[in-house]
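Okay, so here's the structure we're looking at.
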Amino acid sequence: MNYDNPLIVQGDRSLLLDVHARLAEECRNALIPFAELEKSPEHLHTYKLTPLSLWNAASAGFSADDAVAVLEKYARYDLPQAVIAWIKEVCSRFGKITLEPCEEGEKLLLVAATEAIYKEIGANGAVKKYLEEGGFDRLNHPCYLIKLTDRGTIKQLLLEAGWPVKDQVALADGEPLDFNLRQTTAAGQTFEIRDYQISAAKALVGDKGPGTGFGTIVLPCGSGKTIVGMQIMDMLKTSTLIITTNISAVHQWIDELLDKTNLTKDDIAEYTGENKEIRPVTVATYQVLTWRPDKEGPFPHFSIFHERPWGLIIYDEVHMLPAPVFRVVAELQAVRRVGLTATLVREDGCEGYVFSLVGPKRYDVPWKELERDKWIASAECIEVRIDLPQSSEIDYAVAGAREKHKIASQNPDKLAVVTQIINKYPEDKILVIGQYLEQLDQIAKQLEAPIITGKTPTAERDRIYGEFRKGNIRVLVVSKVANFAIDLPDASLAIQVSGTFGSRQEEAQRLGRILRPKERTSRFFTLITRNTVEEEFSSNRQKFLAEQGYSYRIVRYAQGEEL
């Protein structure tokens with residue numbers, strides 16, 4: 001028992017972190033690999049241990065003993081023995097069921113470590129229809145036969161049943177590609193890969209043998225996940241399909257490939273709503289893949305996955321992978337694949353699909369660690385709470401839940417605060433980010449600033465981003481189209497006027513717009529209407545960033561005051 005320690009471990013597998021304790025920051029960083037933050041009020045942050053958080057940790061080489069050692073080191077009171085036993089039991093399940101190659105070319109072996117596990121699999125109603133009796137493997141473990149085409153489905157179903165499958169089947173080599181990273185970019189600048197980017201790529205590629213070549217890499221926004229993707233391409237030298245969130249991100253990937261690799265324009269194709277070509281390296285959007293002529297019909301653009309013998313698929317911003325794409329991902333288990341993301345948080349609860357179908361977490365690094373090493377900018381988060389105007393109080397009181405959020409988010413008094421912040425920081429390049437287009441249009445007119453929304457034509461969107469990068473535009477108003485995969489390296493201040501309810505990943509992505517390394521401290525302002533549902537949603541949005549060590553300074557604003 002050590003009363004100076006910051007962590008209280010409870011029998012229900014929740015962890016309470018006293019943020020005022022001396023070792024709180026050190027403990028928070030130690031929890032990141034294997035625990036999930038649930039609540040982050042002022043004094044006690046609540047973490048939860050879950051099977052998925054432990055299996056992701058195990059897949060990255062973090063053992064049950066490692067997890068218990070962290071808890072023992074920082075716990076204020078003795079650990080409940082039931083929690084220790086549960087951690088060891090859950091972690092031990094990782095690797096107890098494996099997928100192995102089979103002499104029958106169209107089949108795989110699903111191998112169970114014990115007779116009891118074998119029987120449990122066979123008794124599972126959802127799983128057993130995919131199984132054929134397989135006898136025993138070469139080590140005399142009982143096993144089933146499954147079809148190659150059922151590889152992803154089996155992994156998905158068994159994960160839901162509490163059994164993560166360790167896939168030990170070697171992946172197929174795709175079409176070779178002459179691919180090399182430059183040492184000097186096409187723009188004439190020295191190009192060096194950072195150590196953590198090389199480590200992330202190596203963690204994914206491994207020795208190119210069984211059990212390697214698939215998984216998820218988690219790195220902060222602004223830390224160069226695109227570079228990690230290109231490093232993986234350099235290590236594998238194979239035909240690659242890259243899927244990302246929007247057309248601007250497609251163009252950004254293409255520009256980076258042309259600038260930093262030996263590829264030419266003839267090697268790279270864009271597959272979007274505007275252009276549909278396929279070449280050795282093809283960059284597509286999730287939107288075009290999930291388009292179909294009618295709601296119940298097939299997805300015609302899924303054929304892109306089979307158009308070439310791809311050797312690598314890169315799922316950029318994998319936390320945004322649309323649910324329909326998981327269907328085709330389940331069929332593509334023989335292809336090397338990587339998910340790139342700043343956070344494994346998904347608001348639809350499909351983190352397990354990413355784990356089982358794209359692959360488990362292979363590499364992760366705390367945001368504050370890269371901030372300390374100056375690979376991303378230091379950032380201050382400020383939440384400004386504003387009163388709801390009297391003229392809106394009755395409308396708010398009688399509105400439904402969704403309308404309440406809209407009224408609070410579009411509080412007209414936010415406009416004066418936006419203007420005040422912009423005037424207060426004349427040296428910063430500023431993004432004003434929001435959810436509601438009517439609100440954003442009004443702000444853009446008031447500020448006489450350009451605006452980018454989903455309706456902005458791609459050419460105009462790229463032109464405006466380019467002018468912002470050159471410094472010809474200081475203030476840019478953007479909708480949620482700018483949440484993901486947009487590189488605006490000089491942006492140093494963001495003002496979030498409204499958001500998508502309680503989306504944790506959106507909050508992380510929006511902070512990420514201003515984290516490119518720079519000398520000045522970046523500032524992230526969130527404008528919230530006091531005593532409304534916006535406060536509750538804002539608290540939920542901030543969870544992931546709180547887990548990474550960011551705290552929000554609260555400023556209470558009254559009309560006419562100076563911030």
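Starting from 1 in every chain, residues are counted up; chains themselves are A, B, ... following the order of the structure tokens, and ligands are numbered from 1 as listed.
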- Could you pull out the residues in region 95-322 of chain A that DSSP calls helix (DSSP H, G or I) from the backbone, as a PyMOL selection string? chain A and resi 115-123+125-128+148-160+195-205+225-236+247-260+265-267+286-289+300-307+318-320
- Message: List as a ChimeraX atom specification the protein and nucleic acid residues near region 456-462 of chain A, meaning an atom at most 9 Å away when only C-alpha atoms are counted, but skip any in the same chain fewer than 6 places from it.
- Response: /A:247-248,251
Since we have the selection now, will you write its residues out, keeping all heavy atoms, as a PDB file, in the first residue's frame?
```pdb
ATOM      1  N   ILE A 247     -11.009  13.393 -51.840  1.00  0.00           N
ATOM      2  CA  ILE A 247     -10.209  13.642 -53.046  1.00  0.00           C
ATOM      3  C   ILE A 247      -8.975  14.482 -52.734  1.00  0.00           C
ATOM      4  O   ILE A 247      -7.903  14.260 -53.294  1.00  0.00           O
ATOM      5  CB  ILE A 247     -11.076  14.309 -54.136  1.00  0.00           C
ATOM      6  CG1 ILE A 247     -12.182  13.345 -54.581  1.00  0.00           C
ATOM      7  CG2 ILE A 247     -10.236  14.703 -55.333  1.00  0.00           C
ATOM      8  CD1 ILE A 247     -13.144  13.913 -55.605  1.00  0.00           C
ATOM      9  N   SER A 248      -9.110  15.444 -51.816  1.00  0.00           N
ATOM     10  CA  SER A 248      -7.941  16.253 -51.461  1.00  0.00           C
ATOM     11  C   SER A 248      -6.843  15.376 -50.864  1.00  0.00           C
ATOM     12  O   SER A 248      -5.656  15.572 -51.142  1.00  0.00           O
ATOM     13  CB  SER A 248      -8.333  17.358 -50.474  1.00  0.00           C
ATOM     14  OG  SER A 248      -9.182  18.299 -51.096  1.00  0.00           O
ATOM     15  N   HIS A 251      -5.074  13.518 -53.675  1.00  0.00           N
ATOM     16  CA  HIS A 251      -4.089  14.374 -54.357  1.00  0.00           C
ATOM     17  C   HIS A 251      -2.851  14.586 -53.493  1.00  0.00           C
ATOM     18  O   HIS A 251      -1.731  14.642 -54.003  1.00  0.00           O
ATOM     19  CB  HIS A 251      -4.724  15.715 -54.707  1.00  0.00           C
ATOM     20  CG  HIS A 251      -5.824  15.588 -55.715  1.00  0.00           C
ATOM     21  ND1 HIS A 251      -6.692  16.614 -56.015  1.00  0.00           N
ATOM     22  CD2 HIS A 251      -6.204  14.541 -56.508  1.00  0.00           C
ATOM     23  CE1 HIS A 251      -7.550  16.212 -56.943  1.00  0.00           C
ATOM     24  NE2 HIS A 251      -7.272  14.955 -57.250  1.00  0.00           N
TER      25      HIS A 251
END
```
- Task: Name the residues in contact with region 385-399 of chain A at a cut-off of 10 Å, using only C-alpha atoms, excluding same-chain residues fewer than 6 positions from it; report them as a count of residues only.
- Result: 26
What are the closest atom pairs, with distances in Å to one decimal, for all residues of region 136-181 of chain A lying within 8 Å of region 231-238 of chain A? Consider only C-alpha atoms, order rows by chain and residue number, and present the result as a tab-separated table.
```
residue	atom	partner	partner_atom	distance
A:Asp173	CA	A:Thr238	CA	7.7
A:Gly174	CA	A:Thr238	CA	5.8
A:Glu175	CA	A:Thr238	CA	5.6
A:Pro176	CA	A:Thr238	CA	4.4
A:Leu177	CA	A:Thr238	CA	4.5
A:Asp178	CA	A:Lys237	CA	6.2
A:Phe179	CA	A:Lys237	CA	5.4
A:Asn180	CA	A:Asp234	CA	5.5
A:Leu181	CA	A:Asp234	CA	6.5
```
- Task: Would you return as number ranges by chain the members of region 344-485 of chain A that DSSP assigns to strand (DSSP E) on this structure's backbone?
- Result: A: 361-364, 379-386, 430-433, 451-452, 475-478
Keeping only N, CA and C atoms, write those residues as an mmCIF file, in the first residue's frame.
```cif
data_model
loop_
_atom_site.group_PDB
_atom_site.id
_atom_site.type_symbol
_atom_site.label_atom_id
_atom_site.label_comp_id
_atom_site.auth_asym_id
_atom_site.auth_seq_id
_atom_site.Cartn_x
_atom_site.Cartn_y
_atom_site.Cartn_z
ATOM 1 N N LYS A 361 -3.055 -3.988 -33.535
ATOM 2 C CA LYS A 361 -2.110 -2.870 -33.399
ATOM 3 C C LYS A 361 -0.683 -3.405 -33.380
ATOM 4 N N ARG A 362 0.156 -2.867 -34.268
ATOM 5 C CA ARG A 362 1.558 -3.284 -34.339
ATOM 6 C C ARG A 362 2.495 -2.237 -33.755
ATOM 7 N N TYR A 363 2.043 -0.983 -33.735
ATOM 8 C CA TYR A 363 2.939 0.081 -33.256
ATOM 9 C C TYR A 363 2.090 1.231 -32.739
ATOM 10 N N ASP A 364 2.517 1.790 -31.628
ATOM 11 C CA ASP A 364 1.799 2.898 -31.009
ATOM 12 C C ASP A 364 2.834 3.755 -30.290
ATOM 13 N N ALA A 379 0.869 21.886 -27.767
ATOM 14 C CA ALA A 379 -0.452 22.474 -27.987
ATOM 15 C C ALA A 379 -1.140 22.774 -26.664
ATOM 16 N N GLU A 380 -1.853 23.888 -26.655
ATOM 17 C CA GLU A 380 -2.678 24.272 -25.518
ATOM 18 C C GLU A 380 -4.138 24.157 -25.941
ATOM 19 N N CYS A 381 -4.959 23.492 -25.121
ATOM 20 C CA CYS A 381 -6.386 23.330 -25.423
ATOM 21 C C CYS A 381 -7.197 24.238 -24.499
ATOM 22 N N ILE A 382 -8.066 25.037 -25.082
ATOM 23 C CA ILE A 382 -8.872 25.986 -24.311
ATOM 24 C C ILE A 382 -10.339 25.788 -24.670
ATOM 25 N N GLU A 383 -11.171 25.592 -23.656
ATOM 26 C CA GLU A 383 -12.616 25.509 -23.880
ATOM 27 C C GLU A 383 -13.249 26.802 -23.401
ATOM 28 N N VAL A 384 -13.899 27.518 -24.324
ATOM 29 C CA VAL A 384 -14.556 28.785 -23.997
ATOM 30 C C VAL A 384 -16.051 28.526 -23.863
ATOM 31 N N ARG A 385 -16.582 28.797 -22.672
ATOM 32 C CA ARG A 385 -18.007 28.556 -22.414
ATOM 33 C C ARG A 385 -18.775 29.877 -22.504
ATOM 34 N N ILE A 386 -19.812 29.853 -23.320
ATOM 35 C CA ILE A 386 -20.552 31.063 -23.672
ATOM 36 C C ILE A 386 -22.019 30.861 -23.290
ATOM 37 N N ILE A 430 -4.837 30.453 -39.039
ATOM 38 C CA ILE A 430 -5.983 30.002 -38.251
ATOM 39 C C ILE A 430 -6.981 29.212 -39.096
ATOM 40 N N LEU A 431 -7.466 28.101 -38.508
ATOM 41 C CA LEU A 431 -8.567 27.318 -39.068
ATOM 42 C C LEU A 431 -9.789 27.500 -38.180
ATOM 43 N N VAL A 432 -10.916 27.851 -38.767
ATOM 44 C CA VAL A 432 -12.198 27.865 -38.056
ATOM 45 C C VAL A 432 -12.967 26.646 -38.552
ATOM 46 N N ILE A 433 -13.244 25.712 -37.638
ATOM 47 C CA ILE A 433 -13.790 24.405 -38.030
ATOM 48 C C ILE A 433 -15.170 24.219 -37.417
ATOM 49 N N ILE A 451 -14.008 29.746 -47.609
ATOM 50 C CA ILE A 451 -14.625 28.606 -46.926
ATOM 51 C C ILE A 451 -14.526 27.370 -47.796
ATOM 52 N N ILE A 452 -14.267 26.226 -47.150
ATOM 53 C CA ILE A 452 -14.245 24.930 -47.844
ATOM 54 C C ILE A 452 -15.265 24.022 -47.177
ATOM 55 N N VAL A 475 -6.697 33.147 -42.508
ATOM 56 C CA VAL A 475 -7.836 32.530 -41.832
ATOM 57 C C VAL A 475 -8.639 31.739 -42.862
ATOM 58 N N LEU A 476 -8.899 30.476 -42.534
ATOM 59 C CA LEU A 476 -9.642 29.590 -43.441
ATOM 60 C C LEU A 476 -10.766 28.929 -42.661
ATOM 61 N N VAL A 477 -11.979 29.004 -43.201
ATOM 62 C CA VAL A 477 -13.144 28.364 -42.580
ATOM 63 C C VAL A 477 -13.376 27.026 -43.266
ATOM 64 N N VAL A 478 -13.493 25.955 -42.474
ATOM 65 C CA VAL A 478 -13.614 24.616 -43.055
ATOM 66 C C VAL A 478 -14.693 23.810 -42.334
#
```
- Item | Neighbour list for Val335 (chain A) as number ranges by chain, cut-off 12 Å, only C-alpha atoms, skip fewer than 3 positions in-chain | A: 151-152, 169-175, 208, 212-215, 236, 238-241, 305-306, 308-314, 328-332, 338, 357-359
- Message: Please list as an MDAnalysis selection string every residue within 9 Å of Ala113 (chain A), counting only C-alpha atoms and excluding residues in the same chain fewer than 5 positions away.
- Response: chainID A and resid 95:98 118 141:143
- Which of A:Tyr271, A:Trp367, A:Phe299, A:Phe468 sits closest to Val218 (chain A) [using only C-alpha atoms]: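 Closest candidate: A:Trp367.
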- May I have the residues within 12 Å of region 16-21 of chain A as JSON, numbers by chain, using only C-alpha atoms and disregarding those fewer than 5 positions away in the same chain? {"A": [2, 3, 4, 5, 6, 7, 8, 9, 10, 11, 26, 27, 28, 29, 30, 31, 35, 36, 37, 38, 39, 40, 41, 42, 43, 44, 45, 46, 47, 48, 49, 71, 74, 75, 76, 77, 546, 547, 549, 550, 551]}
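Note that the spacing between CA of Gly105 (chain A) and CA of Tyr315 (chain A) amounts to 28.1 Å.
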- Message: Restricting the calculation to only C-alpha atoms: of A:Ser539, A:Ser63, A:Asp490, A:Gly499, which residue gets closest to Ser522 (chain A)?
- Response: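 Answer, going by the shortest atom-to-atom distance: A:Asp490.
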- Task: Choose the residue, out of A:Lys543, A:Lys374, A:Arg402, A:Lys455, that has the smallest atom-to-atom separation from Leu515 (chain A); count only C-alpha atoms.
- Result: A:Lys374
- Mind giving me the straight-line distance from CA of Leu148 (chain A) to CA of Thr285 (chain A) in Å, one decimal?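 Straight-line distance from CA of Leu148 (chain A) to CA of Thr285 (chain A) works out to 27.3 Å.
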- Quick one: pull the distance between CA of Ile376 (chain A) and CA of Pro517 (chain A), Å, one decimal.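 Computing the Euclidean distance for CA of Ile376 (chain A) and CA of Pro517 (chain A) yields 4.4 Å.
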